[in-house]
Structures are given as C-alpha cells and as structure tokens.
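Q: Input structure: input11.cif, which contains mmCIF, C-alpha atoms.
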data_query
#
loop_
_atom_site.label_atom_id
_atom_site.label_comp_id
_atom_site.auth_asym_id
_atom_site.auth_seq_id
_atom_site.Cartn_x
_atom_site.Cartn_y
_atom_site.Cartn_z
CA MET A 1 0.00 0.00 0.00
CA ARG A 2 1.02 3.65 -0.46
CA MET A 3 1.95 5.88 2.46
CA ALA A 4 -1.43 7.63 2.48
CA LYS A 5 -3.14 4.26 2.86
CA LEU A 6 -0.66 3.20 5.56
CA SER A 7 -1.40 6.43 7.42
CA GLU A 8 -5.10 5.66 7.31
CA ALA A 9 -4.72 2.01 8.25
CA ALA A 10 -2.53 2.74 11.27
CA SER A 11 -4.23 6.05 12.20
CA VAL A 12 -0.85 7.77 12.21
CA PRO A 13 -0.42 11.08 10.29
CA VAL A 14 1.90 11.05 7.25
CA PRO A 15 4.40 13.56 8.75
CA THR A 16 4.73 11.30 11.81
CA ILE A 17 5.36 8.29 9.57
CA LYS A 18 8.06 10.23 7.70
CA TYR A 19 9.63 11.19 11.01
CA TYR A 20 9.67 7.57 12.18
CA LEU A 21 11.24 6.53 8.83
CA ARG A 22 14.00 9.14 9.22
CA GLU A 23 14.60 8.07 12.82
CA GLY A 24 14.90 4.46 11.74
CA LEU A 25 11.93 3.37 13.88
CA LEU A 26 10.10 2.11 10.81
CA PRO A 27 11.83 0.13 8.04
CA ALA A 28 11.72 1.69 4.57
CA GLY A 29 9.02 0.47 2.18
CA ARG A 30 9.73 -1.40 -1.05
CA ARG A 31 10.64 1.29 -3.61
CA THR A 32 8.25 1.22 -6.60
CA ALA A 33 9.19 4.53 -8.26
CA ALA A 34 11.55 7.49 -7.76
CA ASN A 35 9.57 8.86 -4.83
CA GLN A 36 7.06 6.11 -4.14
CA ALA A 37 7.27 3.09 -1.87
CA ASP A 38 5.06 0.19 -1.00
CA TYR A 39 4.21 -0.69 2.62
CA GLY A 40 2.77 -3.89 4.02
CA GLU A 41 1.10 -5.39 7.09
CA ALA A 42 4.44 -5.44 8.92
CA HIS A 43 4.58 -1.64 8.64
CA ILE A 44 1.10 -1.24 10.13
CA ARG A 45 2.07 -3.49 13.01
CA ARG A 46 5.34 -1.67 13.64
CA LEU A 47 3.61 1.71 13.51
CA ARG A 48 1.09 0.57 16.11
CA LEU A 49 3.89 -0.65 18.35
CA VAL A 50 5.86 2.61 18.07
CA ARG A 51 2.69 4.53 18.81
CA ALA A 52 1.98 2.39 21.86
CA LEU A 53 5.52 2.93 23.13
CA VAL A 54 5.49 6.69 22.51
CA GLU A 55 1.92 7.72 23.26
CA VAL A 56 0.86 5.19 25.86
CA GLY A 57 4.22 4.28 27.33
CA GLY A 58 5.50 7.85 27.21
CA LEU A 59 8.93 6.70 25.97
CA GLY A 60 11.47 8.90 24.21
CA MET A 61 12.86 8.09 20.75
CA ALA A 62 16.14 6.66 22.08
CA THR A 63 14.30 4.27 24.39
CA VAL A 64 11.89 3.20 21.66
CA ARG A 65 14.88 2.42 19.44
CA GLU A 66 16.34 0.26 22.21
CA VAL A 67 13.12 -1.74 22.63
CA LEU A 68 12.81 -2.23 18.86
CA ALA A 69 16.44 -3.33 18.59
CA ALA A 70 15.84 -5.96 21.28
CA MET A 71 12.71 -7.10 19.49
CA ASP A 72 14.45 -7.41 16.12
CA ASP A 73 17.40 -9.37 17.50
CA PRO A 74 16.55 -13.06 16.95
CA ARG A 75 19.16 -14.13 19.50
CA ARG A 76 17.19 -12.57 22.34
CA SER A 77 14.38 -14.55 23.99
CA LEU A 78 10.89 -13.12 24.23
CA HIS A 79 11.39 -12.92 27.99
CA ASP A 80 14.42 -10.75 27.38
CA VAL A 81 12.48 -8.51 24.99
CA LEU A 82 9.57 -8.12 27.42
CA GLY A 83 12.11 -7.31 30.12
CA THR A 84 13.60 -4.54 27.99
CA ALA A 85 10.12 -3.08 27.47
CA HIS A 86 9.38 -3.29 31.21
CA TRP A 87 12.61 -1.57 32.15
CA ALA A 88 12.00 1.19 29.63
CA LEU A 89 8.52 1.77 31.05
CA ALA A 90 9.77 1.77 34.64
CA GLY A 91 11.53 5.06 34.01
CA ARG A 92 8.18 6.84 34.18
CA SER A 93 7.49 8.74 37.38
CA THR A 94 5.25 7.47 40.15
CA ALA A 95 3.59 9.05 43.16
CA THR A 96 6.37 8.04 45.52
CA GLY A 97 9.17 8.11 42.92
CA ALA A 98 11.03 10.99 44.55
CA LEU A 99 11.20 9.47 48.01
CA PRO A 100 14.33 7.71 49.23
CA VAL A 101 14.51 3.92 49.55
CA GLY A 102 16.14 2.65 52.74
CA GLU A 103 18.53 -0.28 52.61
CA GLU A 104 16.37 -2.03 55.16
CA ALA A 105 13.13 -1.71 53.18
CA ARG A 106 14.94 -2.94 50.09
CA ALA A 107 16.33 -5.99 51.93
CA ASP A 108 12.87 -6.78 53.31
CA VAL A 109 11.30 -6.55 49.86
CA ASP A 110 14.00 -8.75 48.32
CA ARG A 111 13.39 -11.37 51.01
CA PHE A 112 9.61 -11.13 50.45
CA ILE A 113 10.03 -11.73 46.70
CA ASP A 114 12.29 -14.71 47.43
CA GLU A 115 9.65 -16.14 49.76
CA LEU A 116 7.04 -15.77 47.02
CA GLY A 117 9.29 -17.98 44.91
CA TRP A 118 9.28 -15.46 42.08
CA THR A 119 12.01 -15.47 39.43
CA VAL A 120 12.82 -11.76 39.18
CA GLY A 121 16.13 -10.15 38.18
CA PRO A 122 17.99 -8.56 41.12
CA GLU A 123 17.94 -5.17 39.38
CA ALA A 124 14.28 -5.11 38.31
CA PRO A 125 13.10 -1.51 38.88
CA ALA A 126 9.83 -2.69 40.44
CA ARG A 127 11.83 -4.02 43.42
CA ALA A 128 12.85 -0.44 44.28
CA GLU A 129 9.27 0.76 43.69
CA LEU A 130 7.94 -1.76 46.17
CA ALA A 131 10.68 -0.95 48.69
CA ARG A 132 9.77 2.73 48.34
CA ALA A 133 6.14 1.94 49.15
CA LEU A 134 7.24 0.00 52.25
CA ALA A 135 9.60 2.80 53.35
CA THR A 136 6.76 5.32 52.92
CA LEU A 137 4.44 3.31 55.16
CA ARG A 138 7.12 3.13 57.86
CA ARG A 139 7.94 6.82 57.55
CA LEU A 140 4.25 7.51 58.18
CA GLY A 141 4.44 5.54 61.40
CA TRP A 142 3.11 2.14 60.34
CA PRO A 143 5.44 -0.48 61.78
CA VAL A 144 4.83 -2.99 58.98
CA GLY A 145 6.88 -5.66 57.25
CA ALA A 146 6.81 -6.53 53.53
CA GLY A 147 4.18 -9.14 54.44
CA VAL A 148 1.68 -6.26 54.37
CA PHE A 149 1.78 -6.70 50.58
CA GLU A 150 0.86 -10.40 50.70
CA ARG A 151 -2.70 -9.99 49.39
CA TYR A 152 -1.56 -7.69 46.61
CA ALA A 153 1.16 -10.16 45.64
CA GLN A 154 -1.43 -12.94 45.41
CA ALA A 155 -3.67 -10.81 43.21
CA ALA A 156 -0.70 -9.77 41.04
CA ASP A 157 0.45 -13.38 40.74
CA ARG A 158 -2.95 -14.54 39.49
CA LEU A 159 -3.23 -11.61 37.07
CA GLY A 160 0.35 -11.99 35.82
CA ALA A 161 -0.11 -15.70 35.08
CA TRP A 162 -3.36 -15.00 33.25
CA GLU A 163 -1.89 -12.07 31.32
CA LEU A 164 1.06 -14.11 30.06
CA ASP A 165 -1.39 -16.84 29.01
CA GLN A 166 -3.18 -14.26 26.87
CA LEU A 167 -0.06 -13.26 24.92
CA PRO A 168 0.21 -14.57 21.38
CA SER A 169 2.73 -17.36 20.90
CA ALA A 170 6.40 -16.48 21.20
CA ALA A 171 6.68 -16.97 17.45
CA CYS A 172 4.84 -13.72 16.84
CA ARG A 173 7.19 -11.29 18.57
CA PRO A 174 5.92 -7.97 17.21
CA GLU A 175 2.40 -8.72 18.38
CA ALA A 176 3.57 -10.21 21.67
CA VAL A 177 5.69 -7.16 22.45
CA GLU A 178 2.96 -4.74 21.39
CA ARG A 179 0.46 -6.48 23.63
CA ALA A 180 2.90 -6.68 26.51
CA VAL A 181 3.68 -2.96 26.31
CA VAL A 182 0.11 -1.82 25.83
CA GLY A 183 -0.97 -4.31 28.46
CA THR A 184 1.57 -3.13 31.00
CA VAL A 185 0.60 0.52 30.65
CA VAL A 186 -3.10 0.54 29.78
CA PHE A 187 -4.22 -2.31 32.01
CA GLU A 188 -2.20 -0.81 34.83
CA THR A 189 -4.33 2.33 34.57
CA ALA A 190 -7.43 0.17 34.32
CA LEU A 191 -6.49 -1.90 37.36
CA VAL A 192 -5.87 1.22 39.45
CA ALA A 193 -9.22 2.72 38.37
CA LEU A 194 -11.06 -0.54 39.07
CA ARG A 195 -9.52 -0.81 42.53
CA ARG A 196 -10.87 2.66 43.37
CA LEU A 197 -14.29 1.78 42.01
CA ALA A 198 -14.30 -1.45 44.02
CA GLN A 199 -13.27 0.46 47.13
CA GLU A 200 -16.13 2.89 46.61
CA HIS A 201 -18.53 -0.01 46.13
CA HIS A 202 -17.41 -1.86 49.25
CA SER A 203 -17.27 1.36 51.26
CA ALA A 204 -20.88 2.08 50.21
CA ARG A 205 -21.92 -1.37 51.41
CA ARG A 206 -20.30 -0.87 54.79
CA PHE A 207 -20.34 2.79 55.70
CA ALA A 208 -23.02 4.67 53.75
CA GLU A 209 -26.04 6.00 55.64
CA PRO A 210 -29.06 3.73 55.19
CA ASP A 211 -30.75 6.34 53.00
CA ALA A 212 -27.64 7.16 50.96
CA GLY A 213 -27.57 4.02 48.83
CA PRO A 214 -29.07 0.60 48.25
CA PRO A 215 -28.83 -1.87 51.15
CA PRO A 216 -26.13 -4.55 51.07
CA ASP A 217 -27.38 -7.48 49.03
CA ALA A 218 -27.19 -11.14 49.89
CA ASN A 219 -24.38 -11.97 47.46
CA GLY A 220 -21.57 -10.49 49.53
CA MET B 1 3.50 17.39 75.16
CA ARG B 2 5.39 20.46 73.94
CA MET B 3 5.79 21.27 70.26
CA ALA B 4 9.37 19.96 70.13
CA LYS B 5 8.14 16.61 71.44
CA LEU B 6 5.20 16.61 69.00
CA SER B 7 7.63 17.28 66.16
CA GLU B 8 9.71 14.31 67.22
CA ALA B 9 6.74 12.00 67.77
CA ALA B 10 5.19 12.75 64.38
CA SER B 11 8.50 13.17 62.51
CA VAL B 12 7.35 16.55 61.23
CA PRO B 13 9.69 19.57 61.55
CA VAL B 14 8.60 22.39 63.90
CA PRO B 15 8.33 25.04 61.11
CA THR B 16 6.00 22.70 59.20
CA ILE B 17 3.84 22.23 62.32
CA LYS B 18 3.65 26.02 62.75
CA TYR B 19 2.64 26.36 59.12
CA TYR B 20 -0.11 23.76 59.50
CA LEU B 21 -1.35 25.56 62.65
CA ARG B 22 -1.52 28.89 60.78
CA GLU B 23 -3.31 27.22 57.85
CA GLY B 24 -5.84 25.70 60.22
CA LEU B 25 -4.91 22.14 59.24
CA LEU B 26 -3.96 21.35 62.84
CA PRO B 27 -6.06 22.48 65.82
CA ALA B 28 -4.29 24.71 68.34
CA GLY B 29 -2.82 23.07 71.45
CA ARG B 30 -4.06 23.74 74.98
CA ARG B 31 -2.36 26.98 76.07
CA THR B 32 -0.24 26.48 79.21
CA ALA B 33 1.73 29.76 79.23
CA ALA B 34 2.10 32.98 77.20
CA ASN B 35 3.90 31.24 74.37
CA GLN B 36 3.58 27.59 75.26
CA ALA B 37 0.93 25.04 74.37
CA ASP B 38 0.27 21.42 75.13
CA TYR B 39 -0.38 18.86 72.36
CA GLY B 40 -1.84 15.39 72.62
CA GLU B 41 -2.28 12.10 70.75
CA ALA B 42 -4.95 13.67 68.53
CA HIS B 43 -2.35 16.12 67.24
CA ILE B 44 0.10 13.36 66.36
CA ARG B 45 -2.64 11.54 64.50
CA ARG B 46 -3.76 14.65 62.64
CA LEU B 47 -0.19 15.51 61.68
CA ARG B 48 0.32 12.03 60.26
CA LEU B 49 -2.87 12.37 58.24
CA VAL B 50 -1.92 15.79 56.83
CA ARG B 51 1.48 14.43 55.95
CA ALA B 52 -0.05 11.42 54.20
CA LEU B 53 -2.36 13.69 52.21
CA VAL B 54 0.38 16.17 51.25
CA GLU B 55 3.45 13.98 50.80
CA VAL B 56 1.98 10.70 49.64
CA GLY B 57 -1.27 11.93 48.11
CA GLY B 58 0.36 14.99 46.57
CA LEU B 59 -2.61 17.18 47.54
CA GLY B 60 -2.52 20.98 47.81
CA MET B 61 -3.46 22.84 51.01
CA ALA B 62 -6.97 23.74 49.80
CA THR B 63 -7.77 20.12 49.01
CA VAL B 64 -6.35 18.89 52.30
CA ARG B 65 -8.58 21.38 54.10
CA GLU B 66 -11.60 20.00 52.21
CA VAL B 67 -10.81 16.41 53.20
CA LEU B 68 -10.27 17.41 56.83
CA ALA B 69 -13.53 19.38 56.88
CA ALA B 70 -15.42 16.33 55.61
CA MET B 71 -13.72 14.18 58.22
CA ASP B 72 -14.54 16.56 61.07
CA ASP B 73 -18.21 16.91 60.11
CA PRO B 74 -20.09 14.35 62.25
CA ARG B 75 -23.11 14.50 59.91
CA ARG B 76 -21.15 12.94 57.09
CA SER B 77 -20.86 9.15 56.87
CA LEU B 78 -17.47 7.48 56.69
CA HIS B 79 -18.33 6.43 53.13
CA ASP B 80 -18.83 10.07 52.28
CA VAL B 81 -15.49 11.00 53.88
CA LEU B 82 -13.64 8.23 52.04
CA GLY B 83 -15.31 9.42 48.84
CA THR B 84 -14.03 12.96 49.41
CA ALA B 85 -10.53 11.59 49.88
CA HIS B 86 -10.81 9.45 46.73
CA TRP B 87 -12.02 12.33 44.62
CA ALA B 88 -9.24 14.56 45.90
CA LEU B 89 -6.66 11.92 45.00
CA ALA B 90 -8.16 11.34 41.55
CA GLY B 91 -6.96 14.78 40.48
CA ARG B 92 -3.44 13.43 40.22
CA SER B 93 -2.19 12.77 36.72
CA THR B 94 -2.02 9.34 35.14
CA ALA B 95 -0.30 7.91 32.10
CA THR B 96 -3.36 8.29 29.90
CA GLY B 97 -4.78 11.33 31.70
CA ALA B 98 -4.32 13.67 28.75
CA LEU B 99 -6.12 11.51 26.22
CA PRO B 100 -9.75 12.18 25.26
CA VAL B 101 -12.56 9.94 26.48
CA GLY B 102 -15.14 9.04 23.83
CA GLU B 103 -18.84 9.03 24.71
CA GLU B 104 -19.00 5.47 23.48
CA ALA B 105 -16.18 4.18 25.70
CA ARG B 106 -17.75 5.96 28.66
CA ALA B 107 -21.17 4.38 28.01
CA ASP B 108 -19.55 0.95 27.66
CA VAL B 109 -17.71 1.37 30.95
CA ASP B 110 -20.85 2.56 32.76
CA ARG B 111 -22.72 -0.50 31.51
CA PHE B 112 -19.84 -2.75 32.56
CA ILE B 113 -19.88 -1.32 36.11
CA ASP B 114 -23.65 -1.81 36.26
CA GLU B 115 -23.23 -5.43 35.19
CA LEU B 116 -20.67 -5.93 37.96
CA GLY B 117 -23.41 -4.83 40.36
CA TRP B 118 -21.13 -2.19 41.89
CA THR B 119 -22.58 0.77 43.79
CA VAL B 120 -20.51 3.64 42.39
CA GLY B 121 -21.50 7.29 42.07
CA PRO B 122 -22.20 8.38 38.46
CA GLU B 123 -19.48 11.04 38.67
CA ALA B 124 -16.72 8.94 40.25
CA PRO B 125 -13.50 10.02 38.49
CA ALA B 126 -12.32 6.43 38.14
CA ARG B 127 -15.16 5.83 35.65
CA ALA B 128 -13.52 8.31 33.26
CA GLU B 129 -10.10 6.75 33.93
CA LEU B 130 -11.38 3.35 32.94
CA ALA B 131 -13.16 4.73 29.88
CA ARG B 132 -9.90 6.42 28.87
CA ALA B 133 -8.07 3.09 29.11
CA LEU B 134 -10.73 1.47 26.90
CA ALA B 135 -10.61 4.33 24.38
CA THR B 136 -6.81 4.02 24.26
CA LEU B 137 -6.99 0.31 23.45
CA ARG B 138 -9.44 0.99 20.62
CA ARG B 139 -7.37 3.87 19.29
CA LEU B 140 -4.45 1.47 19.08
CA GLY B 141 -6.51 -0.87 16.96
CA TRP B 142 -7.78 -3.39 19.50
CA PRO B 143 -11.49 -3.90 18.84
CA VAL B 144 -12.32 -4.69 22.48
CA GLY B 145 -15.32 -4.16 24.76
CA ALA B 146 -15.21 -3.23 28.44
CA GLY B 147 -15.36 -6.97 29.14
CA VAL B 148 -11.60 -6.98 28.49
CA PHE B 149 -11.31 -5.64 32.06
CA GLU B 150 -13.28 -8.53 33.60
CA ARG B 151 -10.29 -10.24 35.22
CA TYR B 152 -8.99 -6.96 36.59
CA ALA B 153 -12.43 -6.15 37.99
CA GLN B 154 -12.54 -9.51 39.78
CA ALA B 155 -9.10 -8.91 41.28
CA ALA B 156 -10.07 -5.36 42.29
CA ASP B 157 -13.33 -6.58 43.81
CA ARG B 158 -11.55 -9.13 45.99
CA LEU B 159 -8.89 -6.62 47.03
CA GLY B 160 -11.42 -3.84 47.68
CA ALA B 161 -13.55 -6.06 49.93
CA TRP B 162 -10.48 -7.17 51.85
CA GLU B 163 -9.12 -3.63 52.15
CA LEU B 164 -12.36 -2.30 53.59
CA ASP B 165 -12.39 -5.20 56.05
CA GLN B 166 -8.96 -4.05 57.27
CA LEU B 167 -10.08 -0.50 58.07
CA PRO B 168 -10.55 0.30 61.74
CA SER B 169 -14.17 0.60 62.84
CA ALA B 170 -16.14 3.58 61.57
CA ALA B 171 -16.03 4.97 65.09
CA CYS B 172 -12.39 5.86 64.68
CA ARG B 173 -12.64 8.23 61.73
CA PRO B 174 -9.21 9.88 61.83
CA GLU B 175 -7.48 6.52 61.71
CA ALA B 176 -9.91 5.12 59.13
CA VAL B 177 -9.40 8.11 56.84
CA GLU B 178 -5.64 8.07 57.28
CA ARG B 179 -5.52 4.40 56.42
CA ALA B 180 -7.85 4.83 53.48
CA VAL B 181 -5.78 7.66 52.02
CA VAL B 182 -2.41 6.05 52.62
CA GLY B 183 -3.86 2.75 51.46
CA THR B 184 -5.23 4.19 48.24
CA VAL B 185 -1.96 5.83 47.26
CA VAL B 186 0.77 3.61 48.68
CA PHE B 187 -0.83 0.24 48.03
CA GLU B 188 -1.67 1.40 44.53
CA THR B 189 2.04 1.90 43.89
CA ALA B 190 2.73 -1.46 45.52
CA LEU B 191 0.10 -3.24 43.44
CA VAL B 192 1.48 -1.81 40.21
CA ALA B 193 5.04 -2.81 41.18
CA LEU B 194 3.92 -6.31 42.18
CA ARG B 195 2.06 -6.80 38.91
CA ARG B 196 5.26 -6.02 36.98
CA LEU B 197 7.26 -8.37 39.17
CA ALA B 198 4.66 -11.10 38.67
CA GLN B 199 4.74 -10.51 34.91
CA GLU B 200 8.51 -10.85 34.91
CA HIS B 201 8.25 -14.06 36.92
CA HIS B 202 5.63 -15.63 34.67
CA SER B 203 7.43 -14.43 31.57
CA ALA B 204 10.61 -16.09 32.85
CA ARG B 205 8.73 -19.35 33.35
CA ARG B 206 7.36 -19.29 29.82
CA PHE B 207 9.78 -17.53 27.53
CA ALA B 208 13.28 -17.50 29.01
CA GLU B 209 15.95 -19.62 27.36
CA PRO B 210 16.36 -22.98 29.15
CA ASP B 211 19.76 -21.91 30.55
CA ALA B 212 18.60 -18.42 31.56
CA GLY B 213 16.61 -19.34 34.65
CA PRO B 214 15.31 -22.16 36.81
CA PRO B 215 12.87 -24.61 35.22
CA PRO B 216 9.13 -24.22 35.90
CA ASP B 217 8.30 -25.86 39.19
CA ALA B 218 5.39 -28.14 39.97
CA ASN B 219 3.37 -25.53 41.89
CA GLY B 220 2.27 -23.47 38.87
#
Starting from the file, give its structure as structure tokens.
A:
Amino acid sequence: MRMAKLSEAASVPVPTIKYYLREGLLPAGRRTAANQADYGEAHIRRLRLVRALVEVGGLGMATVREVLAAMDDPRRSLHDVLGTAHWALAGRSTATGALPVGEEARADVDRFIDELGWTVGPEAPARAELARALATLRRLGWPVGAGVFERYAQAADRLGAWELDQLPSAACRPEAVERAVVGTVVFETALVALRRLAQEHHSARRFAEPDAGPPPDANG
Amino acid sequence: MRMAKLSEAASVPVPTIKYYLREGLLPAGRRTAANQADYGEAHIRRLRLVRALVEVGGLGMATVREVLAAMDDPRRSLHDVLGTAHWALAGRSTATGALPVGEEARADVDRFIDELGWTVGPEAPARAELARALATLRRLGWPVGAGVFERYAQAADRLGAWELDQLPSAACRPEAVERAVVGTVVFETALVALRRLAQEHHSARRFAEPDAGPPPDANG
C-alpha cells in the first residue's frame, strides 16, 4: 500500500510516519518509483507498536529504538524482549518516585520476593518501587513488614499468570511485544481505576447512611 | 506534650507544624503559658494524616482542608469522607490522563460497572479513567469491549472487599481516613510494582531460554 493508505490504516499522520522513517523506527518500504514506496502489514504493526511505546508508554525516541532493537534481534528470547520493554517503562514517574529507599526496606522486599518464589532479576526496577512503598508506610508511622503486601502479591500473581497466558505465541514477537507494552501501561491504569471503584462499592456497602444508597445485598 | 516533642513524635519539623497551625490544618494546642501550648495524641494523629495527604497523596493545602472538613463533620458518613478523599486523589495525573474519552467508551464502561453490580457514584473520576483506558486500546486498533477488564475487575473486587475489612471501625474516623488515604496511594504503587514483578516471573517461566533461569516448578 502507499503511504497515504498506511497512514489511514494505522491512524498515524503522514508527517509522523516520515519522522519515524528518518529516525529508523520504521523500516523503509519497497521502492516502486523514484519517490514512491510500497508498505505492508508489517509496517502497520510496527507503527502501532511505536505509537503504543510513545503515546501510551511515554517513551522517548532513544528508548523506543532500544526496545525495537531488542525485538528485532533473533538471539534474544521473548522474555528478554519483554524485560527490555518493562525496564523502559519503569523510568516513568510514580507518586512516591522521589522518596528515598532505605537499605532495610529494600532488603525486606527482596526477602519477600524470594519467599514468594518469584524469578525476578535482582535489578528489576519494580523491586525499588515496592521498597519505596514500604519505606513510605514506615515513615508515616506504620510499623509494617513486607508481608503487608501479601494480598496484593497474590492478586498480582494470578493476574500476571493469566496475562502471560493471553499473549500470542512467542513466534509472533511484534504482536507479543505490542500487547505486553500496551498491556503493561493501559491495564495498569485500568487496574488502578477498578480498585478505586471497588473500594467505593465496598465502602458504600459498609459505611453509607441507610438512605444514601441501596442496602447490602445477599451476594456479599 | 510540647511542640518539640510533638515534632519528634510525628516526625514533622517544627516550622511545618507552625505552618499547619496557621493554615488551620492542625487544631491549636491547649495553652499552658504565654507562648507555650500542650499537644496530645490527637495532634500526632492529625499531623500524620496531613502528611499522608500532602506527601503521599500529593494534595494541595486547599484540598487537604476539604478532606479534613469532611472528616470533622459528624453529619457525614465514613463512606462520604472516604469518597471525598478518593475524589481529591483522583486529580493526580495518570499515564493516559491527557487523552480524550469518547462518549461510546464511557457508556460501555458505565454498563460494565452496572453489570458488575457495583454501587458507584455516576461522577466517580475512576469511571472516566477506565473509559480512557478502553478508548486508548481501541485507538491502538484493539477492537475490544469493556469486558476486556473482567479479570482486573474480579481482582479489584476481591482486594477492595479485603481492604475495607482491614479498616478500623467507623467509630475511629481519623485513623480510618488516614488508612484509606495512605492505602489508596501507597498500596496502589505497591500493586502496580507487584504486577510487573509477577509478569517478569511468569514471563521467565514461559519464555526464558532454558539456561537463563530455573525450570518451571510443579506448583504453577
């Protein structure tokens, strides 16, 4: 297909496509005339992935290039590629991102992850995130251990197993990586929103005035 | 106790305490001399709450005052107070916060929440968040309905019910609100971190090269 068609199919404006081509984020099309090229399904897929990384993941061009390089390297396992995407996404700021992580909180979190039996790299950024959350709780005067996260770990474990089951087979790396990236970012937002909605629902059942909402039903 | 002691007990610097007193976020102590006042347990608790709202929740002074006013008003139910805290926290930015929400995605999400049987106010900000996540998926070319969030809703429902069970009794509002606010923000960060760790673990089990990690165990 021509670039105009590609633009339409991927919902990405032509100037953006040209920019991605110049930056090497999108492979050149098959040249059909002096200033015409032909693009295929692979281009649509790659455009969608770049868009997911940039617009949803909030990644810069250099980081996107790194993720794509990992994806295109056949010597790297899909696990390795997903890891690269995760690490790139972890650079984004979080509510407690600016707070210091104590050595002690970090050691407690590392021990907790070991006890869960999870296979996680020692430098995974989410370890520091979790340690930061624990340190914040303690700083606020809650004398808790990492075990306070037990329920959340169970929920995450179930979700993580299910999410990986949903990924397309390892043979289809572009789609698997796209889904992993979009999944990590978009479903993270969704999960956070749903937790707040569920909290509101369960709070209504417990604490609302009798005339402020429907009575608790018998299914709880 | 004197202010120096209060500062130590709550881990909040004296100038910050004076600022909170001036702003009306902390009630005055019992005057014991011309320029001396006595503070009690209630002050420690209130200081911890303000700190949680400002430092962890990232709220501005005006919003903190609103949450405290709701908390101190005995006519308002605890559900109402928790709702005020939730709404205040929802103002914080999210990854997809800048993207538009289509009418269609919003209607789909509202129907989905109805089908879950959740009691959630029609204007709860998390509805828009969820609709934004759905709209983002569609914009990226995934032709999905709100049912794509089913698993996440189940996980959130279980967590939400458990979290509300953990709150101190409604009689102890300051502690309940503090825990709800800290819980919403800090455990949200923890949940997101744990989901990434769980994804890495399950990805390792499925996609890592045979010599890159331990073999899957029999508990999966």
Q: Please write the residues picked by the PyMOL selection byres ((chain A and resi 87) around 10) on this file as a PDB file with C-alpha atoms, keeping the file's coordinate frame.
A:
ATOM      1  CA  THR A  63      14.300   4.270  24.390  1.00  0.00           C
ATOM      2  CA  VAL A  67      13.120  -1.740  22.630  1.00  0.00           C
ATOM      3  CA  VAL A  81      12.480  -8.510  24.990  1.00  0.00           C
ATOM      4  CA  LEU A  82       9.570  -8.120  27.420  1.00  0.00           C
ATOM      5  CA  GLY A  83      12.110  -7.310  30.120  1.00  0.00           C
ATOM      6  CA  THR A  84      13.600  -4.540  27.990  1.00  0.00           C
ATOM      7  CA  ALA A  85      10.120  -3.080  27.470  1.00  0.00           C
ATOM      8  CA  HIS A  86       9.380  -3.290  31.210  1.00  0.00           C
ATOM      9  CA  ALA A  88      12.000   1.190  29.630  1.00  0.00           C
ATOM     10  CA  LEU A  89       8.520   1.770  31.050  1.00  0.00           C
ATOM     11  CA  ALA A  90       9.770   1.770  34.640  1.00  0.00           C
ATOM     12  CA  GLY A  91      11.530   5.060  34.010  1.00  0.00           C
ATOM     13  CA  ARG A  92       8.180   6.840  34.180  1.00  0.00           C
ATOM     14  CA  GLU A 123      17.940  -5.170  39.380  1.00  0.00           C
ATOM     15  CA  ALA A 124      14.280  -5.110  38.310  1.00  0.00           C
ATOM     16  CA  PRO A 125      13.100  -1.510  38.880  1.00  0.00           C
ATOM     17  CA  ALA A 126       9.830  -2.690  40.440  1.00  0.00           C
TER      18      ALA A 126
ATOM     19  CA  ARG B 196       5.260  -6.020  36.980  1.00  0.00           C
TER      20      ARG B 196
END
Q: For a quick check of understanding, using all atoms listed in the file, which of A:Ile113, A:Ala105, A:Cys172, A:Leu194 has the smallest distance to A:Arg139?
A: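 Checking each candidate against A:Arg139, we get A:Ala105 as the closest.
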Q: Could you produce a table of the residues of stretch 35-106 of chain B lying within 12 Å of stretch 142-163 of chain A, with the nearest pair of atoms per residue and their separation in Å rounded to one decimal, using all atoms listed in the file, ordered by chain and increasing residue number, as JSON lines?
A:
{"residue": "B:Arg45", "atom": "CA", "partner": "A:Trp142", "partner_atom": "CA", "distance": 11.8}
{"residue": "B:Arg48", "atom": "CA", "partner": "A:Trp142", "partner_atom": "CA", "distance": 10.3}
{"residue": "B:Ala52", "atom": "CA", "partner": "A:Trp142", "partner_atom": "CA", "distance": 11.6}
Q: Once the PyMOL selection byres ((chain A) within 6 of (chain B)) has been evaluated on this model, what residues remain selected, and can you format them as a list in words?
A: Ser77, Leu78, His79, Trp118, Thr119, Val120, Ala126, Leu130, Ala133, Tyr152, Ala153, Ala156, Asp157, Gly160, Ala161, Val186, Ala190, Leu191, Ala193, Leu194, Arg195, Ala198, Gln199, His201, His202, Ser203, Ala204, Phe207 and Ala208 of chain A
Q: Mind pulling up the distance from atom CA of A:Asp38 to atom CA of A:Met1?
A: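 Atom CA of A:Met1 sits 5.2 Å away from atom CA of A:Asp38.
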Q: Enumerate, as a list in words, the residues matched when the PyMOL selection byres ((chain A and resi 20) around 12) is run on the file above.
A: Val12, Pro13, Val14, Pro15, Thr16, Ile17, Lys18, Tyr19, Leu21, Arg22, Glu23, Gly24, Leu25, Leu26, Pro27, Ala28, His43, Arg46, Leu47, Arg48, Leu49, Val50, Arg51, Val54, Met61, Ala62, Val64 and Arg65 of chain A
Q: Select, from B:Arg31, B:Gly60, B:Pro122, B:Gln166, the residue with the minimum atom-to-atom distance to B:Asp110, counting only C-alpha atoms.
A: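 Using only C-alpha atoms, the shortest distance to B:Asp110 belongs to B:Pro122.
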Q: Using atom CA of A:Val181 and atom CA of A:Asp114 as the two end points, give the distance in Å to one decimal.
A: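 Computing the Euclidean distance for atom CA of A:Val181 and atom CA of A:Asp114 yields 25.7 Å.
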